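Text of the file final26.txt, holding compact mmCIF, C-alpha atoms:
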```txt
# COMPACT_ATOMS: atom_id res chain seq x y z
CA MET Q 1 110.52 158.16 122.81
CA GLY Q 2 108.76 155.61 125.03
CA ALA Q 3 105.47 155.99 123.10
CA ASN Q 4 107.28 155.39 119.78
CA ARG Q 5 108.81 152.18 121.07
CA LEU Q 6 105.43 151.01 122.32
CA GLN Q 7 103.85 151.72 118.93
CA LEU Q 8 106.68 149.87 117.16
CA LEU Q 9 106.25 146.87 119.47
CA LEU Q 10 102.50 146.83 118.82
CA VAL Q 11 103.03 146.97 115.04
CA LEU Q 12 105.57 144.12 115.19
CA LEU Q 13 103.23 142.08 117.38
CA LEU Q 14 100.31 142.60 114.99
CA LEU Q 15 102.49 141.70 111.99
CA GLY Q 16 103.63 138.56 113.79
CA LEU Q 17 100.05 137.55 114.56
CA ALA Q 18 98.94 138.23 110.99
CA SER Q 19 101.77 136.15 109.54
CA SER Q 20 101.06 133.25 111.91
CA VAL Q 21 97.36 133.29 111.01
CA ARG Q 22 98.14 133.34 107.30
CA ALA Q 23 100.80 130.64 107.45
CA MET Q 24 100.42 127.56 105.29
CA ARG Q 25 99.83 124.42 107.40
CA VAL Q 26 101.10 121.08 106.05
CA TYR Q 27 100.13 117.71 107.54
CA THR Q 28 101.72 114.31 106.88
CA SER Q 29 101.39 110.76 108.18
CA GLY Q 30 104.77 111.06 109.96
CA GLU Q 31 106.01 107.53 109.35
CA VAL Q 32 105.27 104.96 106.64
CA GLU Q 33 106.42 101.34 106.57
CA ALA Q 34 106.46 99.55 103.20
CA VAL Q 35 107.58 96.10 102.11
CA ASN Q 36 110.47 96.06 99.64
CA GLY Q 37 109.13 96.02 96.07
CA THR Q 38 105.65 97.36 96.90
CA ASP Q 39 104.17 100.82 96.33
CA ALA Q 40 104.08 103.36 99.17
CA ARG Q 41 101.71 106.34 99.30
CA LEU Q 42 103.24 109.32 101.07
CA LYS Q 43 100.33 111.40 102.31
CA CYS Q 44 100.58 115.18 102.49
CA THR Q 45 97.58 117.48 103.00
CA PHE Q 46 97.51 121.22 103.58
CA LYS Q 47 95.44 124.17 104.78
CA SER Q 48 95.78 127.69 103.48
CA SER Q 49 94.20 130.91 104.70
CA HIS Q 50 93.82 132.01 101.08
CA THR Q 51 91.52 130.65 98.39
CA ILE Q 52 93.10 127.69 96.62
CA GLN Q 53 94.03 128.69 93.08
CA PRO Q 54 95.15 125.44 91.35
CA SER Q 55 97.08 127.45 88.77
CA SER Q 56 99.28 129.06 91.43
CA VAL Q 57 99.80 126.26 94.00
CA THR Q 58 103.22 124.60 93.96
CA VAL Q 59 104.23 121.37 95.68
CA THR Q 60 107.85 120.36 96.20
CA TRP Q 61 108.93 116.94 97.52
CA THR Q 62 112.54 116.31 98.55
CA PHE Q 63 114.39 113.35 100.06
CA ARG Q 64 117.23 112.98 102.54
CA PRO Q 65 118.65 109.44 102.88
CA LEU Q 66 118.86 107.70 106.25
CA SER Q 67 122.61 107.53 105.90
CA SER Q 68 124.39 110.85 105.48
CA GLY Q 69 123.79 112.38 102.11
CA ASP Q 70 122.61 115.47 100.26
CA GLU Q 71 118.95 116.41 99.91
CA GLU Q 72 117.57 115.21 96.60
CA SER Q 73 114.62 116.44 94.54
CA VAL Q 74 111.83 113.87 94.32
CA PHE Q 75 108.83 115.56 92.74
CA TYR Q 76 107.48 118.96 91.70
CA TYR Q 77 103.90 120.01 90.94
CA HIS Q 78 102.67 123.27 89.41
CA THR Q 79 99.44 122.97 87.38
CA ARG Q 80 100.69 119.51 86.40
CA PRO Q 81 103.07 116.87 87.80
CA TYR Q 82 106.79 117.08 87.07
CA PRO Q 83 108.33 113.73 88.07
CA PRO Q 84 112.13 113.49 88.31
CA THR Q 85 113.99 112.91 85.05
CA GLU Q 86 117.11 111.51 86.69
CA GLY Q 87 118.41 110.04 89.92
CA ARG Q 88 117.12 107.23 92.13
CA PHE Q 89 113.46 108.31 91.78
CA GLN Q 90 113.35 108.50 87.98
CA ASN Q 91 110.17 106.69 86.76
CA LYS Q 92 109.43 105.74 90.39
CA VAL Q 93 107.21 108.59 91.67
CA VAL Q 94 103.67 109.42 90.56
CA TRP Q 95 101.23 112.15 91.60
CA ALA Q 96 98.52 110.86 93.98
CA GLY Q 97 97.11 114.19 95.12
CA ASP Q 98 94.30 116.60 94.30
CA ILE Q 99 95.06 120.29 94.73
CA THR Q 100 91.39 121.33 94.93
CA GLY Q 101 90.97 118.73 97.68
CA ARG Q 102 94.07 120.14 99.47
CA ASP Q 103 95.97 116.91 98.89
CA ALA Q 104 99.62 116.95 97.77
CA SER Q 105 100.36 113.22 98.16
CA ILE Q 106 102.66 111.14 95.98
CA THR Q 107 103.15 107.40 95.46
CA VAL Q 108 106.61 105.88 95.33
CA ARG Q 109 106.53 102.73 93.20
CA GLN Q 110 108.37 99.51 93.97
CA VAL Q 111 110.23 100.90 96.97
CA LYS Q 112 113.82 99.82 97.57
CA PHE Q 113 116.01 99.88 100.64
CA ILE Q 114 117.85 102.91 99.23
CA TYR Q 115 114.58 104.85 99.75
CA ASN Q 116 114.92 104.60 103.53
CA GLY Q 117 114.99 108.17 104.77
CA THR Q 118 112.98 111.36 105.24
CA PHE Q 119 110.72 112.80 102.55
CA THR Q 120 109.74 116.46 102.88
CA CYS Q 121 106.58 118.03 101.45
CA GLN Q 122 106.40 121.80 100.94
CA VAL Q 123 103.27 123.54 99.64
CA LYS Q 124 102.92 127.17 98.56
CA ASN Q 125 99.72 129.01 97.66
CA PRO Q 126 100.83 132.60 96.94
CA PRO Q 127 100.68 134.89 98.79
CA ASP Q 128 100.54 132.12 101.44
CA VAL Q 129 104.10 130.85 101.01
CA HIS Q 130 105.33 130.55 104.59
CA GLY Q 131 104.62 127.64 106.88
CA ASN Q 132 105.84 124.33 108.20
CA LEU Q 133 107.40 121.57 106.11
CA GLY Q 134 105.67 118.20 106.29
CA THR Q 135 108.00 115.23 106.80
CA VAL Q 136 107.42 111.53 106.21
CA ARG Q 137 109.94 108.92 107.37
CA LEU Q 138 109.85 105.94 105.00
CA LYS Q 139 110.98 102.62 106.40
CA VAL Q 140 111.45 99.88 103.80
CA VAL Q 141 111.30 96.38 105.30
CA THR Q 142 111.73 92.82 103.98
CA THR Q 143 108.34 91.58 105.22
CA ALA Q 144 105.21 93.11 106.65
CA SER Q 145 105.31 93.85 110.36
CA MET Q 146 103.58 91.46 112.76
CA SER Q 147 100.74 93.92 113.33
CA ASP Q 148 100.05 94.10 109.58
CA ILE Q 149 100.03 90.30 109.36
CA VAL Q 150 97.68 90.02 112.35
CA ILE Q 151 95.31 92.61 110.85
CA LEU Q 152 95.32 90.77 107.51
CA ALA Q 153 94.73 87.39 109.21
CA CYS Q 154 91.85 88.83 111.26
CA ALA Q 155 90.29 90.29 108.11
CA VAL Q 156 90.52 86.93 106.29
CA VAL Q 157 89.16 84.92 109.24
CA GLY Q 158 86.40 87.47 109.80
CA SER Q 159 85.36 87.24 106.14
CA ILE Q 160 85.28 83.43 106.27
CA VAL Q 161 83.19 83.44 109.48
CA LEU Q 162 80.76 85.95 107.95
CA VAL Q 163 80.34 83.80 104.82
CA MET Q 164 79.77 80.70 107.00
CA ILE Q 165 77.08 82.51 109.03
CA VAL Q 166 75.29 83.68 105.88
CA LEU Q 167 75.41 80.15 104.39
CA GLY Q 168 74.16 78.66 107.69
CA VAL Q 169 71.20 81.06 107.77
CA LEU Q 170 70.34 80.25 104.13
CA VAL Q 171 70.51 76.47 104.71
CA TRP Q 172 68.45 76.75 107.91
CA THR Q 173 65.78 78.88 106.15
CA ARG Q 174 65.57 76.46 103.24
CA THR Q 175 65.30 73.46 105.59
CA CYS Q 176 62.49 75.12 107.55
CA ARG Q 177 60.55 75.89 104.35
CA LEU Q 178 60.92 72.32 103.08
CA GLY Q 179 59.82 70.93 106.48
CA ARG Q 180 56.70 73.13 106.45
CA GLY Q 181 55.88 72.05 102.90
CA ARG Q 182 56.06 68.35 103.82
CA GLY Q 183 53.87 68.92 106.90
CA ASP Q 184 51.18 70.61 104.81
CA GLU Q 185 51.33 67.79 102.24
CA GLY Q 186 50.75 65.14 104.98
CA ALA Q 187 47.77 67.08 106.34
CA VAL Q 188 46.17 67.19 102.85
CA HIS Q 189 46.60 63.39 102.47
CA ARG Q 190 45.03 62.79 105.90
CA ASP Q 191 42.04 64.96 105.01
CA GLU Q 192 41.56 63.05 101.73
CA LYS Q 193 41.55 59.71 103.63
CA ASP Q 194 39.00 60.99 106.12
CA ILE Q 195 36.67 62.13 103.33
CA SER Q 196 36.91 58.80 101.47
CA MET Q 197 35.97 56.88 104.66
CA TRP Q 198 32.60 58.65 104.76
```

How does this structure look as structure tokens?
Amino acid sequence: MGANRLQLLLVLLLLGLASSVRAMRVYTSGEVEAVNGTDARLKCTFKSSHTIQPSSVTVTWTFRPLSSGDEESVFYYHTRPYPPTEGRFQNKVVWAGDITGRDASITVRQVKFIYNGTFTCQVKNPPDVHGNLGTVRLKVVTTASMSDIVILACAVVGSIVLVMIVLGVLVWTRTCRLGRGRGDEGAVHRDEKDISMW
């Protein structure tokens, strides 16, 4: 009786380990901030213990609003994209992924404040159908955050400084060449004068 229980426990343990090793792993960016009216890419990548068969992989995106509300279908992919034909995301979501590259991302176009909430990405690659759900919290804001503005300003200033340095080097090089040319010209004239004096 005790040996049977031990064998059963070992079998269950091995099955548990096998299922955890074979589980689908989904990774997302966690949180995305987007300015009202702009496009937002919701990144979702995955790892599967089985060979990726593009014809069998399915991707399901759902949405739950920040305020209380029912979960809503956002996007479905199986061999080709199936965007929503009704609801708040109709004509607003496009496929931005690549199944062979293990990418199940989507882009939400012209985000609105009603898109504030949690997007969930689920990927299945039969027989690898169990695993975690990837979630992305979308925060729609009126203007870019201060950090985004600072990064943009630094990029612009850095570009201007780089252009100024390149122009300065070019002007300095040209000035040096012209100065050398004039010096050689003066030396030739001096030599001609010395010869004529003899």

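Of the listed residues (Q:Thr142, Q:Ser56, Q:Thr173, Q:Asn132), Q:Asn132 comes nearest to Thr28 (chain Q); the distances count all atoms listed in the file.
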
>> At a cut-off of 12 Å, using only C-alpha atoms, what residues contact Arg64 (chain Q)? Leave out same-chain residues fewer than 3 positions from it and give the result as a PyMOL selection string.
In response: chain Q and resi 61+67-74+88+114-121+135-138

> Which of these residues is nearest to Gln122 (chain Q), using all atoms listed in the file: Q:Gln110, Q:Gln53, Q:Thr45, Q:Thr143?
Replying inline: Q:Thr45

> Do you have the CA of Val123 (chain Q)-CA of Thr38 (chain Q) distance handy?
Replying inline: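 Rounded to one decimal, the two atoms are 26.4 Å apart.
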
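Residues with any atom within 12 Å of Gly97 (chain Q), counting all atoms listed in the file and excluding same-chain neighbours fewer than 4 positions away, are Arg41, Leu42, Lys43, Cys44, Thr45, Phe46, Val59, Tyr76, Tyr77, Thr79, Arg80, Pro81, Gly101, Arg102, Asp103, Ala104, Ser105, Ile106 and Thr107 of chain Q.
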
> To one decimal place, how far is CA of Phe75 (chain Q) from CA of Glu31 (chain Q) in Å?
Replying inline: 18.7 Å

> Which distance in Å separates CA of Val93 (chain Q) and CA of Val108 (chain Q), to one decimal?
Replying inline: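 Those two atoms sit 4.6 Å apart.
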
> Neighbours of Met24 (chain Q) within 7 Å (all atoms listed in the file; same-chain residues fewer than 6 positions away dropped), as a PyMOL selection string?
Replying inline: chain Q and resi 47-48+128-132

> Contacts of Pro54 (chain Q) at 9 Å or less, counting all atoms listed in the file, minus same-chain residues fewer than 6 places along, as a ChimeraX atom specification?
Replying inline: /Q:78-79,99-100,125

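Here the question is which of Q:Gly87, Q:Gly134, Q:Pro127, Q:Trp95 gets nearest to Arg25 (chain Q) using all atoms listed in the file, and that residue is Q:Gly134.
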
Could you put an axis-aligned box around every listed atom of region 124-131 of chain Q, padded by 4 Å on each side, and send me its centre and edge lengths in Å to one decimal, as JSON?
```
{"center_x": 102.5, "center_y": 131.0, "center_z": 101.9, "size_x": 13.6, "size_y": 15.7, "size_z": 17.9}
```
